[in-house]
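Accompanying notes for the structure given below.
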Amino acid sequence: MNDFLVLIQEMLDNLGIDFRLEIVVEYFPFFLKGAALTVGVSLAGIFIGMVLGLFIGLGKMIKFWPLRLPFIWYINFFRGTPLLVQLFLIHFAVMNLILEQPNTIASLVVTLSLNSAAYVAEIFRAGIKSLDKGQAEAAHSLGMNKFQVMRYVVLPQAFKRMIPPLGNEFIVLLKDSSLGAIIAAPELLYWGRAAVGQHYRVWEPYLTVAFIYLILTLSLTYLLNYIERRLDTE
Amino acid sequence: MISVKNLRKSFGSLEVLKDISLEVQAQEVVVVIGPSGSGKSTLLRCMNLIESITDGHVYIEDVDITDKKTDINEVRTEVGMVFQQFNLFPHKTVLENITLPMLVVRKWNKRDAIPKAKALLKKVGLEEKADAFPDSLSGGQKQRVAIARALGMEPKVMLFDEPTSALDPEMVGEVLEVMKQLATEGMTMVVVTHEMGFAREVGDRVIFMDEGIVVEEDKPEEIFGNPKHERTKAFLSKVL
Ligand SMILES: Nc1ncnc2c1ncn2[C@@H]1O[C@H](COP(=O)(O)OP(=O)(O)O)[C@@H](O)[C@H]1O
Ligand SMILES: [Mg+2]
């Protein structure tokens, strides 16, 4: 520990606070590694979720109801059951069936992707529904087919409206990725639990982990607000 | 040019168009008037199948657009439409609003589309607004861009659904001016409007609609000077 941290430790001791900074220092590289994985699986989750969610959202808008049904139930299932249950199902049941040696990180990414797809599908649908239907009518009246109307007129405008809710979904996903600790995916909280296990101390690891999550989510919130302001002035 | 035969349109149990038949000749300007809710917009929207047709037929240049085999997108390029609410694409510049359908529907390349779009902007008096976004335009300017965009497809007919009803009074004139010019150039036009001055001056024929039927149709002089039906008289006495 450097002099500065020694000084702080002394201050804490003098105040009668039982907090051992050396645990934080010892585990800090692992926390950083875990945080990087947390951000990584969340990014993968939101991107795969966006692609899947787009198709599921479109699927839910099919006029012929028997074709619409699977999409509706996909959304119902992933929004209506706990993420932890989904994670267990996918890691211990589904992935176990596909792979000989289920990989915890892969299971976490798959679960986060499938789960966020359900939310993105709804965000996507709301984005399209919020557009004035005159936009599509005008495009059709110019001879555009359904695909062209989507591609050139509806989606570009819907995407812009989807950015704020998608950002919120990403923040939720980032926090929920901590469930990966339970199947031992080495993300941020996993390393927190490892530190607890080694030192039989709870305050230092969990407070540090919480603090790192807070930094991540707050920076994302500020970034989002900035993007929203930029979009507004456009 | 347009032939509507026994057209019926219902929204659920509400019958909005009740057995409408009418003809529009090439180069003719037909003005449709009538009280709000009488089915004028619906009639216009059935002419390019933006609204589905419950029964009857609409022919555009002898092509039955209600026939399932008809490529409706192809027909729509021949039938321009101008809406009360302009419906410009807010994420595209004025120029891009006009070139977008040229590029993706007509498949022209940019080198042909851009000069054409600029010429159209000049025609409606907005060449200096090419790079502006629709949000920065006044209502009258927006509607002129919308007209230019529709003209970009080089349609054979133009449908106008109350093109000046959403405008501040001082902007009505500039839009009507563009429409007058189009009429002089020989464009076939069907215009739903409450601008009786325009109907009188530019219209070749006026159709008075009420409650989903064509009550009376005649030359503007006759409709305005010598209306035959009580309902026409009652309506005109209210709006004139
Ligand atoms: N999409 C729709 N669904 C249900 N009713 C509609 C719809 N569009 C129009 N109508 C009804 O059809 C009638 C005629 O409407 P419209 O053609 O807009 O009349 P106008 O343009 O002459 O004012 C009105 O009673 C209106 O409420
Ligand atoms: Mg109307």
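Labels used: A, B, ... for chains in the order of the structure tokens, numbers from 1 for residues in each chain, and numbers from 1 for ligands as shown.
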Write out as a PyMOL selection string which residues come within 8 Å of range 181-191 of chain A when counting only C-alpha atoms, dropping same-chain ones fewer than 2 positions away. chain A and resi 27+30-38+88+91+104-105+108+177-179+193-195+206+209
When the cut-off is 8 Å and we count only C-alpha atoms, which residues of chain A are near chain B, given as number ranges by chain? A: 134-135, 137-145, 148, 153, 156-157
Identify, counting only C-alpha atoms and all ligand atoms, the protein, DNA and RNA residues located within 8 Å of ligand 2, and give them as a ChimeraX atom specification. /B:36-37,39-42,161-162,192
Hey, can you spit out that residue selection with C-alpha atoms as a PDB file, in the first residue's frame?
```
ATOM      1  CA  SER B  36     -66.509  17.471 -42.754  1.00  0.00           C
ATOM      2  CA  GLY B  37     -67.031  13.754 -42.296  1.00  0.00           C
ATOM      3  CA  GLY B  39     -66.075  10.939 -46.917  1.00  0.00           C
ATOM      4  CA  LYS B  40     -63.946  13.224 -49.120  1.00  0.00           C
ATOM      5  CA  SER B  41     -60.611  12.103 -47.695  1.00  0.00           C
ATOM      6  CA  THR B  42     -61.656   8.481 -47.765  1.00  0.00           C
ATOM      7  CA  ASP B 161     -56.474  16.359 -49.567  1.00  0.00           C
ATOM      8  CA  GLU B 162     -57.182  19.759 -48.041  1.00  0.00           C
ATOM      9  CA  VAL B 192     -60.459  18.295 -51.805  1.00  0.00           C
TER      10      VAL B 192
END
```
If you run DSSP on this backbone, which residues of range 46-95 of chain B come out as helix (DSSP H, G or I), and could you give them as a CSV table (one decimal) with C-alpha atoms, in the first residue's frame?
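Written output follows (states_2.csv):
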```
chain,number,residue,atom,x,y,z
B,46,CYS,CA,-59.2,4.9,-52.0
B,72,ILE,CA,-50.1,-1.2,-56.4
B,73,ASN,CA,-46.7,0.4,-55.8
B,74,GLU,CA,-46.3,0.9,-59.5
B,75,VAL,CA,-49.7,2.5,-59.8
B,76,ARG,CA,-48.9,4.8,-56.8
B,77,THR,CA,-45.9,6.2,-58.6
B,78,GLU,CA,-48.4,7.5,-61.2
B,94,VAL,CA,-35.7,19.1,-48.1
B,95,LEU,CA,-33.7,17.9,-51.1
```
Fewer than 5 positions away in the same chain doesn't count, so skip those; otherwise give me all residues within 8 Å of Ala199 in chain B, counting only C-alpha atoms, as a compact mmCIF listing (two decimals) with all heavy atoms, in the first residue's frame.
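Result file follows (around.txt):
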```txt
# COMPACT_ATOMS: atom_id res chain seq x y z
N VAL B 31 -62.68 19.44 -58.35
CA VAL B 31 -62.63 19.88 -56.96
C VAL B 31 -63.75 19.19 -56.19
O VAL B 31 -64.89 19.17 -56.65
CB VAL B 31 -62.79 21.42 -56.87
CG1 VAL B 31 -62.83 21.86 -55.42
CG2 VAL B 31 -61.65 22.11 -57.61
N THR B 193 -60.99 20.54 -51.06
CA THR B 193 -60.63 21.83 -50.46
C THR B 193 -61.85 22.59 -49.96
O THR B 193 -62.98 22.31 -50.38
CB THR B 193 -59.86 22.71 -51.47
OG1 THR B 193 -59.37 23.87 -50.81
CG2 THR B 193 -60.74 23.13 -52.63
N VAL B 206 -66.89 20.61 -60.26
CA VAL B 206 -66.97 20.56 -58.80
C VAL B 206 -67.90 19.41 -58.41
O VAL B 206 -68.97 19.24 -59.01
CB VAL B 206 -67.48 21.89 -58.22
CG1 VAL B 206 -67.69 21.77 -56.71
CG2 VAL B 206 -66.53 23.03 -58.55
N PRO B 220 -68.21 24.66 -62.12
CA PRO B 220 -68.24 25.54 -60.94
C PRO B 220 -69.32 26.61 -61.03
O PRO B 220 -70.00 26.88 -60.04
CB PRO B 220 -66.84 26.16 -60.92
CG PRO B 220 -66.01 25.45 -61.92
CD PRO B 220 -66.87 24.51 -62.70
```
Write down as a ChimeraX atom specification the residues of range 8-175 of chain B whose backbone DSSP state falls under strand (DSSP E). /B:8-11,14-24,29-33,55-60,63-64,79-82,157-161
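Separating CA of Ser42 in chain A from CA of Ala121 in chain A is a distance of 17.1 Å.
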Looking at A:Arg68, A:Lys133, A:Arg79, A:Lys146, which one is nearest to ligand 1, with distances taken over only C-alpha atoms and all ligand atoms?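 Answer, going by the shortest atom-to-atom distance: A:Lys133.
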Need the shell around Asp62 in chain B: protein/DNA/RNA residues with any atom at most 8 Å away, counting only C-alpha atoms. Skip same-chain ones fewer than 3 positions apart. Format as a ChimeraX atom specification? /B:1-3,59
Take the selection from the previous step and output its residues with C-alpha atoms, as a PDB file, in the first residue's frame.
```pdb
ATOM      1  CA  MET B   1     -57.757   8.933 -66.489  1.00  0.00           C
ATOM      2  CA  ILE B   2     -59.499   7.906 -63.253  1.00  0.00           C
ATOM      3  CA  SER B   3     -62.672   5.945 -63.218  1.00  0.00           C
ATOM      4  CA  TYR B  59     -59.375   2.297 -62.563  1.00  0.00           C
TER       5      TYR B  59
END
```
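For the atom pair formed by CA of Ile207 in chain B and atom 14 (C, counted along the ligand's line) of ligand 1, the distance is 15.8 Å, given to one decimal.
Taking CA of His57 in chain B and CA of Lys5 in chain B as the two end points, the separation is 5.1 Å.
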